>>> print(open('start-v2.txt').read())   # compact mmCIF, C-alpha atoms
# COMPACT_ATOMS: atom_id res chain seq x y z
CA MET A 1 61.96 44.71 -24.34
CA VAL A 2 63.20 41.22 -23.40
CA ASP A 3 59.83 39.68 -24.18
CA THR A 4 59.84 41.26 -27.62
CA MET A 5 63.31 39.88 -28.36
CA LEU A 6 62.30 36.41 -27.20
CA LYS A 7 59.25 36.44 -29.43
CA SER A 8 61.32 37.53 -32.43
CA LEU A 9 63.92 34.83 -31.74
CA THR A 10 61.19 32.20 -31.46
CA ARG A 11 59.75 33.19 -34.80
CA ILE A 12 63.17 33.05 -36.47
CA LEU A 13 63.85 29.58 -35.08
CA TRP A 14 60.42 28.38 -36.24
CA ILE A 15 61.06 29.66 -39.77
CA PHE A 16 64.49 27.98 -39.86
CA SER A 17 62.94 24.70 -38.75
CA LEU A 18 60.42 24.83 -41.57
CA VAL A 19 63.12 25.58 -44.12
CA TYR A 20 65.26 22.73 -42.75
CA LYS A 21 62.38 20.26 -42.97
CA ALA A 22 61.57 21.39 -46.49
CA SER A 23 65.16 21.02 -47.57
CA MET A 24 65.45 17.59 -45.99
CA THR A 25 62.27 16.18 -47.53
CA PRO A 26 63.72 15.46 -50.96
CA GLN A 27 66.84 14.04 -49.35
CA SER A 28 64.80 11.62 -47.29
CA VAL A 29 63.50 9.90 -50.44
CA SER A 30 66.74 10.22 -52.37
CA CYS A 31 68.50 6.99 -53.25
CA THR A 32 71.74 8.43 -51.77
CA SER A 33 70.12 9.02 -48.41
CA SER A 34 71.21 6.99 -45.41
CA ILE A 35 67.58 6.38 -44.54
CA LYS A 36 66.37 3.26 -46.28
CA THR A 37 62.89 3.57 -47.77
CA TYR A 38 60.80 1.37 -50.00
CA VAL A 39 60.88 3.95 -52.80
CA CYS A 40 63.73 6.26 -53.60
CA LEU A 41 64.26 8.85 -56.30
CA PRO A 42 67.46 9.21 -58.31
CA SER A 43 69.32 12.49 -58.22
CA ASN A 44 68.29 13.39 -61.77
CA TYR A 45 64.59 12.81 -61.07
CA SER A 46 62.36 15.78 -61.98
CA SER A 47 58.72 15.99 -60.97
CA MET A 48 58.07 18.38 -63.87
CA ASP A 49 58.90 15.86 -66.62
CA ILE A 50 56.58 13.12 -67.80
CA PRO A 51 57.87 9.57 -67.19
CA GLU A 52 57.72 8.33 -70.78
CA ILE A 53 58.90 10.68 -73.51
CA ASP A 54 59.00 8.37 -76.53
CA LYS A 55 55.52 6.88 -76.07
CA ALA A 56 52.18 7.72 -74.55
CA ASN A 57 51.88 7.38 -70.78
CA LEU A 58 49.00 5.14 -69.74
CA ILE A 59 46.86 6.63 -66.97
CA GLN A 60 44.38 4.22 -65.43
CA ILE A 61 41.35 5.56 -63.59
CA GLU A 62 39.45 3.60 -60.95
CA ILE A 63 36.07 4.99 -59.90
CA HIS A 64 34.20 3.38 -57.02
CA ILE A 65 30.96 5.29 -56.40
CA SER A 66 29.69 4.68 -52.89
CA ASP A 67 26.48 6.71 -53.19
CA VAL A 68 24.79 9.34 -55.31
CA LEU A 69 23.95 12.11 -52.88
CA VAL A 70 22.08 14.81 -54.80
CA ILE A 71 20.60 15.17 -58.28
CA ASN A 72 19.67 18.82 -58.63
CA ASP A 73 17.28 19.55 -61.49
CA ARG A 74 17.48 23.28 -60.87
CA ASP A 75 21.18 23.84 -61.54
CA PHE A 76 21.68 20.65 -63.63
CA SER A 77 24.24 19.10 -61.28
CA ILE A 78 24.92 15.68 -59.77
CA THR A 79 26.80 15.09 -56.52
CA PHE A 80 28.18 11.68 -55.57
CA SER A 81 30.75 10.29 -53.14
CA LEU A 82 33.45 8.03 -54.46
CA TYR A 83 36.95 6.66 -54.13
CA PHE A 84 38.89 8.28 -56.95
CA ASN A 85 42.03 6.33 -57.85
CA VAL A 86 44.64 7.33 -60.43
CA GLN A 87 47.34 4.85 -61.39
CA TRP A 88 50.35 5.33 -63.67
CA ARG A 89 53.83 3.87 -64.20
CA ASP A 90 56.99 5.83 -63.54
CA PRO A 91 60.08 3.83 -64.56
CA ARG A 92 62.41 6.47 -63.14
CA ILE A 93 61.72 5.60 -59.49
CA GLN A 94 63.77 2.89 -57.78
CA ILE A 95 62.46 0.16 -55.51
CA ASN A 96 64.60 -0.84 -52.53
CA GLN A 97 64.77 -4.63 -52.59
CA GLU A 98 66.28 -4.72 -49.09
CA PHE A 99 62.92 -3.53 -47.84
CA PHE A 100 61.59 -7.08 -48.35
CA GLN A 101 64.45 -9.02 -46.75
CA ASP A 102 62.48 -9.91 -43.66
CA ARG A 103 59.10 -10.07 -45.45
CA LEU A 104 57.37 -12.10 -48.09
CA VAL A 105 58.33 -10.98 -51.57
CA PRO A 106 55.16 -9.63 -53.14
CA ASP A 107 54.00 -10.12 -56.68
CA SER A 108 55.25 -7.57 -59.19
CA SER A 109 51.77 -6.05 -59.43
CA THR A 110 51.13 -5.95 -55.68
CA LEU A 111 50.65 -2.40 -54.42
CA THR A 112 52.36 -1.48 -51.17
CA PRO A 113 51.30 1.60 -49.20
CA VAL A 114 53.94 4.27 -48.73
CA ASN A 115 54.12 7.63 -47.01
CA LEU A 116 51.61 10.05 -48.47
CA ASN A 117 54.15 12.89 -48.39
CA LEU A 118 56.01 11.15 -51.20
CA ILE A 119 53.38 12.49 -53.58
CA ASN A 120 54.91 15.95 -53.20
CA ASP A 121 58.14 14.74 -54.86
CA LEU A 122 56.62 12.57 -57.59
CA TRP A 123 55.37 13.48 -61.03
CA VAL A 124 51.56 13.49 -60.95
CA PRO A 125 49.36 13.56 -64.08
CA ASN A 126 47.41 16.77 -64.51
CA VAL A 127 43.98 15.17 -64.36
CA PHE A 128 41.14 17.32 -65.63
CA ILE A 129 37.46 16.51 -64.98
CA TYR A 130 35.18 17.92 -67.64
CA ASN A 131 32.11 19.91 -66.50
CA LEU A 132 33.41 19.82 -62.93
CA LYS A 133 31.66 22.07 -60.44
CA THR A 134 33.27 21.12 -57.12
CA PHE A 135 35.81 18.54 -55.96
CA GLN A 136 35.92 18.06 -52.19
CA VAL A 137 38.34 15.72 -50.41
CA ILE A 138 36.92 14.15 -47.28
CA ASP A 139 38.75 15.02 -44.04
CA VAL A 140 38.43 13.32 -40.68
CA LEU A 141 41.56 13.73 -38.57
CA SER A 142 43.54 14.19 -41.75
CA ARG A 143 42.94 14.03 -45.44
CA LEU A 144 41.52 10.66 -46.49
CA ALA A 145 44.04 9.83 -49.19
CA GLY A 146 46.66 7.18 -49.80
CA LEU A 147 49.66 6.37 -51.98
CA TRP A 148 50.69 2.89 -53.16
CA VAL A 149 53.67 1.66 -55.17
CA SER A 150 54.19 -1.75 -56.76
CA PRO A 151 57.53 -3.52 -57.51
CA ASN A 152 57.01 -2.95 -61.25
CA LYS A 153 57.00 0.81 -60.48
CA ASP A 154 53.27 1.40 -60.74
CA ILE A 155 52.03 4.27 -58.60
CA MET A 156 48.44 4.64 -57.41
CA TYR A 157 47.04 7.69 -55.65
CA SER A 158 43.61 7.42 -54.06
CA GLN A 159 41.29 9.98 -52.49
CA ALA A 160 37.91 9.71 -50.76
CA SER A 161 36.04 12.63 -52.21
CA GLN A 162 32.73 14.15 -53.20
CA ILE A 163 32.37 15.35 -56.77
CA THR A 164 29.73 17.64 -58.20
CA PHE A 165 29.64 17.91 -61.98
CA ILE A 166 27.33 19.59 -64.47
CA CYS A 167 25.01 17.46 -66.58
CA PRO A 168 23.10 19.15 -69.44
CA MET A 169 19.57 17.89 -68.81
CA ILE A 170 16.54 18.24 -71.08
CA PHE A 171 13.16 18.30 -69.34
CA ASN A 172 10.76 18.46 -72.27
CA TYR A 173 9.44 14.99 -71.35
CA PHE A 174 9.36 15.56 -67.57
CA PRO A 175 8.44 13.45 -65.58
CA LEU A 176 8.70 10.72 -68.22
CA ASP A 177 12.27 11.75 -69.02
CA THR A 178 15.53 9.79 -69.02
CA GLN A 179 18.72 11.78 -68.61
CA VAL A 180 22.17 10.70 -69.85
CA CYS A 181 25.11 12.32 -68.03
CA LYS A 182 28.73 11.79 -69.04
CA PHE A 183 31.53 11.92 -66.47
CA GLN A 184 34.77 12.38 -68.42
CA VAL A 185 38.34 12.53 -67.13
CA GLY A 186 41.36 13.49 -69.22
CA SER A 187 44.54 15.52 -69.32
CA TYR A 188 44.39 19.29 -69.45
CA SER A 189 47.53 19.79 -71.55
CA TYR A 190 48.81 16.45 -72.91
CA ASN A 191 47.12 15.03 -76.00
CA MET A 192 46.84 11.38 -77.01
CA GLU A 193 50.43 11.24 -78.20
CA LYS A 194 51.68 11.89 -74.68
CA MET A 195 48.95 10.55 -72.40
CA MET A 196 46.26 7.90 -72.75
CA PHE A 197 43.44 7.50 -70.23
CA GLN A 198 41.71 4.23 -69.51
CA VAL A 199 39.13 3.03 -66.95
CA ALA A 200 40.61 0.16 -64.96
CA GLN A 201 37.64 -0.41 -62.65
CA LEU A 202 34.18 1.08 -62.46
CA GLY A 203 31.67 0.33 -59.73
CA TYR A 204 28.52 1.63 -58.09
CA SER A 205 27.43 0.09 -54.81
CA HIS A 206 23.72 0.85 -54.74
CA THR A 207 22.02 -0.72 -51.71
CA SER A 208 18.66 -0.49 -49.99
CA ARG A 209 20.21 1.94 -47.52
CA SER A 210 21.22 4.38 -50.24
CA ILE A 211 19.70 7.82 -50.36
CA VAL A 212 16.23 7.78 -51.91
CA LEU A 213 16.33 9.81 -55.10
CA ASP A 214 13.89 10.64 -57.85
CA TYR A 215 15.78 8.49 -60.34
CA ASP A 216 16.79 4.94 -61.05
CA ILE A 217 20.56 5.12 -61.65
CA LYS A 218 22.57 2.95 -63.99
CA ILE A 219 26.32 3.26 -64.66
CA ASN A 220 27.70 2.27 -68.08
CA PRO A 221 31.14 2.66 -69.71
CA LEU A 222 31.62 5.49 -72.16
CA GLU A 223 30.93 4.96 -75.83
CA ASP A 224 33.92 5.00 -78.17
CA GLU A 225 33.01 8.40 -79.62
CA ASP A 226 32.95 9.86 -76.09
CA LYS A 227 36.51 8.73 -75.32
CA VAL A 228 38.13 11.32 -77.59
CA PHE A 229 38.00 15.10 -77.28
CA ASP A 230 38.78 17.13 -80.38
CA GLY A 231 41.11 19.91 -79.31
CA GLY A 232 41.49 21.40 -82.76
CA SER A 233 45.05 22.52 -83.46
CA LEU A 234 46.16 21.09 -80.09
CA GLY A 235 45.27 17.57 -81.21
CA ASN A 236 42.94 14.91 -79.84
CA TYR A 237 42.76 14.25 -76.13
CA SER A 238 42.12 10.87 -74.54
CA LEU A 239 39.18 10.60 -72.15
CA ALA A 240 38.02 8.03 -69.61
CA GLY A 241 34.98 7.89 -67.38
CA PHE A 242 31.45 6.57 -67.35
CA GLU A 243 27.94 7.26 -68.53
CA MET A 244 25.28 7.77 -65.87
CA ILE A 245 21.75 6.98 -67.03
CA LEU A 246 19.03 8.56 -64.88
CA LYS A 247 15.53 7.18 -65.37
CA ARG A 248 12.97 9.06 -63.32
CA HIS A 249 10.51 7.22 -61.09
CA VAL A 250 7.07 8.04 -62.55
CA SER A 251 4.88 6.39 -59.91
CA HIS A 252 5.08 9.38 -57.56
CA TYR A 253 3.89 11.77 -60.26
CA ILE A 254 1.13 9.45 -61.45
CA ILE A 255 -0.28 9.19 -57.93
CA THR A 256 0.16 12.87 -57.11
CA TYR A 257 -0.80 14.58 -60.37
CA TYR A 258 -1.93 12.34 -63.23
CA LEU A 259 -4.49 10.21 -61.40
CA PRO A 260 -6.29 13.02 -59.47
CA SER A 261 -6.48 15.34 -62.49
CA GLY A 262 -7.76 12.52 -64.72
CA LEU A 263 -10.42 11.63 -62.16
CA PHE A 264 -11.48 15.29 -61.96
CA VAL A 265 -12.06 15.26 -65.72
CA ILE A 266 -14.20 12.12 -65.40
CA VAL A 267 -16.17 13.66 -62.53
CA SER A 268 -16.90 16.71 -64.71
CA TRP A 269 -18.88 14.44 -67.06
CA ILE A 270 -21.42 13.89 -64.26
CA SER A 271 -22.58 17.45 -64.98
CA PHE A 272 -24.11 16.18 -68.24
CA LEU A 273 -26.47 14.04 -66.15
CA VAL A 274 -27.62 16.97 -64.03
CA PRO A 275 -30.73 18.71 -65.48
CA SER A 276 -29.92 22.05 -67.07
CA GLU A 277 -32.43 23.89 -64.88
CA VAL A 278 -30.49 22.91 -61.72
CA ILE A 279 -28.13 25.82 -62.13
CA PRO A 280 -26.51 26.00 -58.62
CA GLY A 281 -25.58 22.32 -58.45
CA ARG A 282 -24.22 21.95 -61.96
CA MET A 283 -22.39 25.27 -62.00
CA ALA A 284 -20.85 24.68 -58.56
CA LEU A 285 -19.55 21.26 -59.63
CA LEU A 286 -17.85 22.52 -62.79
CA VAL A 287 -16.43 25.72 -61.32
CA THR A 288 -15.01 23.85 -58.31
CA LEU A 289 -13.32 21.25 -60.54
CA PHE A 290 -11.94 23.99 -62.79
CA LEU A 291 -10.43 25.92 -59.87
CA VAL A 292 -8.93 22.77 -58.34
CA LEU A 293 -7.23 21.87 -61.63
CA VAL A 294 -5.89 25.41 -62.00
CA ASN A 295 -4.44 25.14 -58.49
CA ILE A 296 -2.77 21.82 -59.33
CA PHE A 297 -1.39 23.33 -62.53
CA ASN A 298 0.15 26.22 -60.57
CA ASN A 299 1.75 23.71 -58.20
CA VAL A 300 3.12 21.74 -61.16
CA THR A 301 4.66 24.79 -62.84
CA THR A 302 6.29 25.78 -59.54
CA ASN A 303 7.93 22.39 -58.95
CA THR A 304 8.72 21.51 -62.56
CA PRO A 305 12.26 22.15 -63.83
CA LYS A 306 12.60 24.64 -66.63
CA ALA A 307 12.33 23.44 -70.20
CA GLU A 308 12.35 25.07 -73.61
CA GLY A 309 8.61 24.56 -74.03
CA LEU A 310 5.85 22.74 -72.22
CA THR A 311 6.84 19.69 -70.23
CA ALA A 312 4.85 16.47 -70.47
CA ILE A 313 3.06 17.01 -67.16
CA GLU A 314 2.21 20.63 -68.03
CA ALA A 315 0.68 19.49 -71.33
CA TRP A 316 -1.38 16.92 -69.41
CA MET A 317 -2.64 19.46 -66.89
CA LEU A 318 -3.56 21.96 -69.62
CA ALA A 319 -5.51 19.25 -71.45
CA CYS A 320 -7.42 18.36 -68.28
CA ILE A 321 -8.22 22.03 -67.66
CA LEU A 322 -9.47 22.38 -71.23
CA PHE A 323 -11.74 19.33 -70.89
CA VAL A 324 -13.38 20.75 -67.75
CA PHE A 325 -13.56 24.19 -69.34
CA ALA A 326 -15.27 22.68 -72.39
CA ALA A 327 -17.93 21.12 -70.14
CA LEU A 328 -18.38 24.48 -68.45
CA ALA A 329 -18.62 26.26 -71.82
CA GLU A 330 -21.22 23.74 -73.01
CA TYR A 331 -23.40 24.46 -69.98
CA ALA A 332 -22.89 28.20 -70.44
CA ALA A 333 -24.09 27.84 -74.05
CA LEU A 334 -27.24 26.04 -72.85
CA LEU A 335 -27.94 28.76 -70.30
CA PHE A 336 -27.43 31.45 -72.92
CA HIS A 337 -29.76 29.68 -75.34
CA ASN A 338 -32.35 29.21 -72.60
CA SER A 339 -32.27 32.89 -71.60
CA THR A 340 -32.51 33.95 -75.25
CA VAL A 341 -35.55 31.71 -75.86
CA LEU A 342 -37.24 32.93 -72.68
CA SER A 343 -36.70 36.53 -73.69
CA MET A 344 -38.15 35.89 -77.16
CA GLU A 345 -41.15 34.09 -75.70
CA ALA A 346 -41.80 36.92 -73.29
CA ASN A 347 -41.73 39.45 -76.11
CA HIS A 348 -43.99 37.26 -78.25
CA THR A 349 -46.48 36.81 -75.41
CA LYS A 350 -46.59 40.55 -74.83
CA TYR A 351 -47.12 41.16 -78.54
CA GLN A 352 -49.96 38.64 -78.68
CA ALA A 353 -51.65 40.18 -75.65
CA GLU A 354 -51.62 43.61 -77.26
CA ASN A 355 -53.02 42.25 -80.52
CA GLN A 356 -55.78 40.35 -78.76
CA LEU A 357 -57.05 43.60 -77.27
CA HIS A 358 -57.66 44.88 -80.80
CA GLU A 359 -58.21 41.77 -82.88
CA SER A 360 -59.91 39.33 -80.57
CA GLY A 361 -63.47 38.26 -81.38
CA SER A 362 -64.98 39.18 -77.96
CA TRP A 363 -64.73 42.82 -76.82
CA HIS A 364 -67.10 45.81 -76.14
CA GLU A 365 -65.98 49.37 -76.66
CA GLU A 366 -68.00 52.53 -76.35
CA SER A 367 -66.51 55.85 -77.37
CA PRO A 368 -67.68 59.11 -75.87
CA GLY A 369 -70.08 60.92 -78.20
CA ASP A 370 -70.39 64.58 -79.01
CA LEU A 371 -72.96 66.87 -80.59
CA GLY A 372 -71.70 66.56 -84.16
CA ASN A 373 -70.71 62.93 -84.24
CA SER A 374 -72.00 60.25 -81.87
CA PHE A 375 -70.35 56.89 -82.31
CA LYS A 376 -71.64 53.75 -80.73
CA MET A 377 -70.40 50.30 -81.54
CA THR A 378 -71.64 47.07 -80.21
CA ARG A 379 -70.03 43.81 -81.22
CA MET A 380 -71.99 40.63 -81.25
CA GLU A 381 -70.74 37.54 -82.92
CA GLY A 382 -72.53 36.95 -86.26
CA ARG A 383 -74.48 40.23 -86.02
CA GLU A 384 -74.29 43.65 -87.59
CA LEU A 385 -72.48 46.65 -86.22
CA GLU A 386 -74.71 49.69 -86.10
CA LYS A 387 -73.07 53.08 -86.47
CA ASN A 388 -75.10 56.27 -85.95
CA ASN A 389 -73.51 59.17 -87.73
CA GLY A 390 -75.71 62.20 -87.94
CA ASP A 391 -78.86 61.58 -89.94
CA SER A 392 -77.68 58.32 -91.53
CA THR A 393 -77.22 54.88 -90.12
CA ASP A 394 -74.54 52.46 -91.43
CA ARG A 395 -74.77 48.77 -90.82
CA VAL A 396 -71.60 46.73 -91.07
CA LYS A 397 -71.41 43.03 -90.44
CA ILE A 398 -68.23 42.09 -88.61
CA LEU A 399 -67.12 38.51 -88.70
CA PRO A 400 -65.37 37.14 -85.59
CA VAL A 401 -61.55 36.79 -85.68
CA LYS A 402 -60.37 33.22 -85.35
CA LYS A 403 -58.00 32.53 -82.42
CA LYS A 404 -54.50 31.22 -83.21
CA ASN A 405 -53.29 27.94 -81.81
CA SER A 406 -51.33 28.76 -78.63
CA ILE A 407 -48.75 26.52 -76.86
CA SER A 408 -48.67 26.43 -73.11
CA GLU A 409 -45.56 27.29 -71.12
CA GLN A 410 -45.34 23.71 -69.84
CA GLN A 411 -45.11 22.41 -73.39
CA LEU A 412 -42.42 24.92 -74.29
CA PHE A 413 -40.43 24.00 -71.19
CA ALA A 414 -40.72 20.31 -72.02
CA ARG A 415 -39.46 20.95 -75.55
CA ARG A 416 -36.43 22.93 -74.31
CA ARG A 417 -35.60 20.33 -71.69
CA LYS A 418 -35.75 17.57 -74.28
CA LEU A 419 -33.43 19.53 -76.57
CA TYR A 420 -30.94 20.24 -73.77
CA THR A 421 -31.03 16.61 -72.70
CA LYS A 422 -30.11 15.52 -76.23
CA VAL A 423 -27.20 17.98 -76.28
CA ASP A 424 -25.95 16.72 -72.89
CA ARG A 425 -26.22 13.10 -73.99
CA PHE A 426 -24.23 13.90 -77.12
CA PHE A 427 -21.39 15.45 -75.16
CA LEU A 428 -21.60 12.68 -72.54
CA ALA A 429 -20.75 10.23 -75.32
CA THR A 430 -18.27 12.50 -77.13
CA PHE A 431 -16.09 13.68 -74.22
CA PRO A 432 -15.01 10.18 -73.04
CA LEU A 433 -14.06 9.24 -76.59
CA MET A 434 -12.04 12.43 -76.93
CA PHE A 435 -10.33 11.84 -73.58
CA ILE A 436 -9.47 8.23 -74.47
CA THR A 437 -8.04 9.41 -77.80
CA PHE A 438 -5.99 12.07 -76.06
CA ASN A 439 -4.61 9.52 -73.57
CA SER A 440 -3.65 7.13 -76.35
CA VAL A 441 -1.77 9.81 -78.30
CA TYR A 442 -0.23 11.33 -75.16
CA TRP A 443 1.18 8.17 -73.61
CA TYR A 444 2.28 6.67 -76.92
CA THR A 445 4.15 9.83 -77.91
CA TYR A 446 5.89 10.56 -74.63
CA LEU A 447 6.76 6.97 -73.73
CA LYS A 448 8.17 6.37 -77.19
CA TYR A 449 10.28 9.51 -77.53
CA ALA A 450 11.14 10.15 -73.88
CA HIS A 451 14.08 7.72 -74.00
>>> encode(input="start-v2.txt", output="structure tokens")
Amino acid sequence: MVDTMLKSLTRILWIFSLVYKASMTPQSVSCTSSIKTYVCLPSNYSSMDIPEIDKANLIQIEIHISDVLVINDRDFSITFSLYFNVQWRDPRIQINQEFFQDRLVPDSSTLTPVNLNLINDLWVPNVFIYNLKTFQVIDVLSRLAGLWVSPNKDIMYSQASQITFICPMIFNYFPLDTQVCKFQVGSYSYNMEKMMFQVAQLGYSHTSRSIVLDYDIKINPLEDEDKVFDGGSLGNYSLAGFEMILKRHVSHYIITYYLPSGLFVIVSWISFLVPSEVIPGRMALLVTLFLVLVNIFNNVTTNTPKAEGLTAIEAWMLACILFVFAALAEYAALLFHNSTVLSMEANHTKYQAENQLHESGSWHEESPGDLGNSFKMTRMEGRELEKNNGDSTDRVKILPVKKKNSISEQQLFARRRKLYTKVDRFFLATFPLMFITFNSVYWYTYLKYAH
């Protein structure tokens, strides 16, 4: 029972201490407080009212990017670490001049660090980051943030943070693409009549020790048309920020995809030098190259970011596959023609053999005779054929049948091989010209319009 009462009493005292500290916090920065501080707030100060009512409040943004951490092509996001500084002027605060009695009087624009808890009692601009995905403040032992105040009543709040924002990327020209991402900061509720945003400093410290990414990164100020957001009936809103230009490194893709696939196409032309009758060697070469290119194409489609249509590298791989397939189709056409000719020759040879049995000039046939009709025929070149038919004898002179000119199989084979060699030589000259033309159109088109 006693332990329960002690625990309850401890909790009550802890709550009272929190309430006392909370109630004393505004008094500690009040100008009427006995505690002398560098900055004090008058009794009529309200953190809910903007400093300047009759004119627009100038909000200066300082962005110091230390490193770009991740560029995600899958979810169209960019993550970078930076020091995000926001500076504004609040003429309502008061600066204690006695604070500098024993110190050197600073310049009117010199910022002096003050207690970070003062930010809880000050008016802070409602900064809005467009297309923001995550905003993470870096913590070590405490939050890495600071507050500075200058004698001319400028206030600067700084945070070490990591920001991830969405960038609408278009990958139709991948990997020859250049992406333009706009990082824009403005007010969520105050239009240009009440709040103006301006970039005071913009920096990107890219060094050799930075994270290796797939892009070459360049930071530029925003264009004038990107500094205003049309809010419709709410008015125009002032924006500040930067433009991040991402130019992809192409060398990796040329070495990994473009060069091997192009060489495979060139190797496929060697099949035109292989004789058409060497079926295993020529067919194995073309089929192997075709399957390898299909495998590379599957790898490309897996690792390529999504686009509305075909990307540049997918168009290249499809063209290479079609070139190898065309060489394979040409050889298939030769094999089909060869098999058709062989089949026709076999049928013609069979037909000639059957005719020669009946029409050739050298044969002897004797038919079995019977009692009523005995037939005997003897063929001798240039002589008469004697036919005994009953009591009469007919004599017919049969002239020899002339033999047709026949072509040997070796001559036919030589003719077909010569024809196929001419066809192969034609395509051996045509395919390189077509591939060179395709490369000229491909690289000119994508390098010109990719930017």
>>> atom_distance(input="start-v2.txt", atom1="CA of Val294 (chain A)", atom2="CA of Ala326 (chain A)")
14.3 Å
>>> closest_residue(input="start-v2.txt", among="A:Gln162, A:Tyr253, A:Ile321, A:Ser276", to="Phe413 (chain A)", atoms="only C-alpha atoms")
A:Ser276
>>> closest_residue(input="start-v2.txt", among="A:Ile93, A:Asp73, A:Phe272, A:Ile255", to="Phe426 (chain A)", atoms="only C-alpha atoms")
A:Phe272
>>> closest_residue(input="start-v2.txt", among="A:Pro168, A:Gly203, A:Gly235, A:Gly262", to="Lys218 (chain A)", atoms="all atoms listed in the file")
A:Gly203
>>> atom_distance(input="start-v2.txt", atom1="CA of Val114 (chain A)", atom2="CA of Trp148 (chain A)")
5.7 Å
>>> atom_distance(input="start-v2.txt", atom1="CA of Cys40 (chain A)", atom2="CA of Ile63 (chain A)")
28.4 Å
>>> residues_around(input="start-v2.txt", residues="region 128-134 of chain A", least_positions_apart="6", cutoff="12 Å", atoms="only C-alpha atoms", output="PDB file with C-alpha atoms, in the frame of the given file")
ATOM      1  CA  ILE A  61      41.350   5.560 -63.590  1.00  0.00           C
ATOM      2  CA  ASP A  75      21.180  23.840 -61.540  1.00  0.00           C
ATOM      3  CA  PHE A  76      21.680  20.650 -63.630  1.00  0.00           C
ATOM      4  CA  SER A  77      24.240  19.100 -61.280  1.00  0.00           C
ATOM      5  CA  ILE A  78      24.920  15.680 -59.770  1.00  0.00           C
ATOM      6  CA  THR A  79      26.800  15.090 -56.520  1.00  0.00           C
ATOM      7  CA  PHE A  80      28.180  11.680 -55.570  1.00  0.00           C
ATOM      8  CA  SER A  81      30.750  10.290 -53.140  1.00  0.00           C
ATOM      9  CA  PHE A  84      38.890   8.280 -56.950  1.00  0.00           C
ATOM     10  CA  VAL A  86      44.640   7.330 -60.430  1.00  0.00           C
ATOM     11  CA  SER A 161      36.040  12.630 -52.210  1.00  0.00           C
ATOM     12  CA  GLN A 162      32.730  14.150 -53.200  1.00  0.00           C
ATOM     13  CA  ILE A 163      32.370  15.350 -56.770  1.00  0.00           C
ATOM     14  CA  THR A 164      29.730  17.640 -58.200  1.00  0.00           C
ATOM     15  CA  PHE A 165      29.640  17.910 -61.980  1.00  0.00           C
ATOM     16  CA  ILE A 166      27.330  19.590 -64.470  1.00  0.00           C
ATOM     17  CA  CYS A 167      25.010  17.460 -66.580  1.00  0.00           C
ATOM     18  CA  PRO A 168      23.100  19.150 -69.440  1.00  0.00           C
ATOM     19  CA  CYS A 181      25.110  12.320 -68.030  1.00  0.00           C
ATOM     20  CA  LYS A 182      28.730  11.790 -69.040  1.00  0.00           C
ATOM     21  CA  PHE A 183      31.530  11.920 -66.470  1.00  0.00           C
ATOM     22  CA  GLN A 184      34.770  12.380 -68.420  1.00  0.00           C
ATOM     23  CA  VAL A 185      38.340  12.530 -67.130  1.00  0.00           C
ATOM     24  CA  GLY A 186      41.360  13.490 -69.220  1.00  0.00           C
ATOM     25  CA  SER A 187      44.540  15.520 -69.320  1.00  0.00           C
ATOM     26  CA  TYR A 188      44.390  19.290 -69.450  1.00  0.00           C
ATOM     27  CA  SER A 189      47.530  19.790 -71.550  1.00  0.00           C
ATOM     28  CA  TYR A 190      48.810  16.450 -72.910  1.00  0.00           C
ATOM     29  CA  PHE A 197      43.440   7.500 -70.230  1.00  0.00           C
ATOM     30  CA  ASP A 226      32.950   9.860 -76.090  1.00  0.00           C
ATOM     31  CA  PHE A 229      38.000  15.100 -77.280  1.00  0.00           C
ATOM     32  CA  TYR A 237      42.760  14.250 -76.130  1.00  0.00           C
ATOM     33  CA  SER A 238      42.120  10.870 -74.540  1.00  0.00           C
ATOM     34  CA  LEU A 239      39.180  10.600 -72.150  1.00  0.00           C
ATOM     35  CA  ALA A 240      38.020   8.030 -69.610  1.00  0.00           C
ATOM     36  CA  GLY A 241      34.980   7.890 -67.380  1.00  0.00           C
ATOM     37  CA  PHE A 242      31.450   6.570 -67.350  1.00  0.00           C
TER      38      PHE A 242
END
>>> residues_around(input="start-v2.txt", residues="region 328-341 of chain A", least_positions_apart="5", cutoff="8 Å", atoms="only C-alpha atoms", output="ChimeraX atom specification")
/A:276,283,286-287,416,420
>>> closest_atom_pairs(input="start-v2.txt", of="region 114-171 of chain A", to="region 295-305 of chain A", cutoff="12 Å", atoms="only C-alpha atoms", output="tab-separated table")
residue	atom	partner	partner_atom	distance
A:Met169	CA	A:Pro305	CA	9.8
A:Ile170	CA	A:Pro305	CA	9.3
A:Phe171	CA	A:Pro305	CA	6.8
>>> residues_near_point(input="start-v2.txt", point="(-1.4, 9.3, -62.6)", cutoff="12 Å", atoms="all atoms listed in the file", output="compact mmCIF listing (two decimals) with C-alpha atoms, keeping the file's coordinate frame")
# COMPACT_ATOMS: atom_id res chain seq x y z
CA PRO A 175 8.44 13.45 -65.58
CA LEU A 176 8.70 10.72 -68.22
CA VAL A 250 7.07 8.04 -62.55
CA SER A 251 4.88 6.39 -59.91
CA HIS A 252 5.08 9.38 -57.56
CA TYR A 253 3.89 11.77 -60.26
CA ILE A 254 1.13 9.45 -61.45
CA ILE A 255 -0.28 9.19 -57.93
CA THR A 256 0.16 12.87 -57.11
CA TYR A 257 -0.80 14.58 -60.37
CA TYR A 258 -1.93 12.34 -63.23
CA LEU A 259 -4.49 10.21 -61.40
CA PRO A 260 -6.29 13.02 -59.47
CA SER A 261 -6.48 15.34 -62.49
CA GLY A 262 -7.76 12.52 -64.72
CA LEU A 263 -10.42 11.63 -62.16
CA PHE A 264 -11.48 15.29 -61.96
CA ILE A 313 3.06 17.01 -67.16
CA TRP A 316 -1.38 16.92 -69.41
CA MET A 317 -2.64 19.46 -66.89
CA ASN A 439 -4.61 9.52 -73.57
CA TRP A 443 1.18 8.17 -73.61
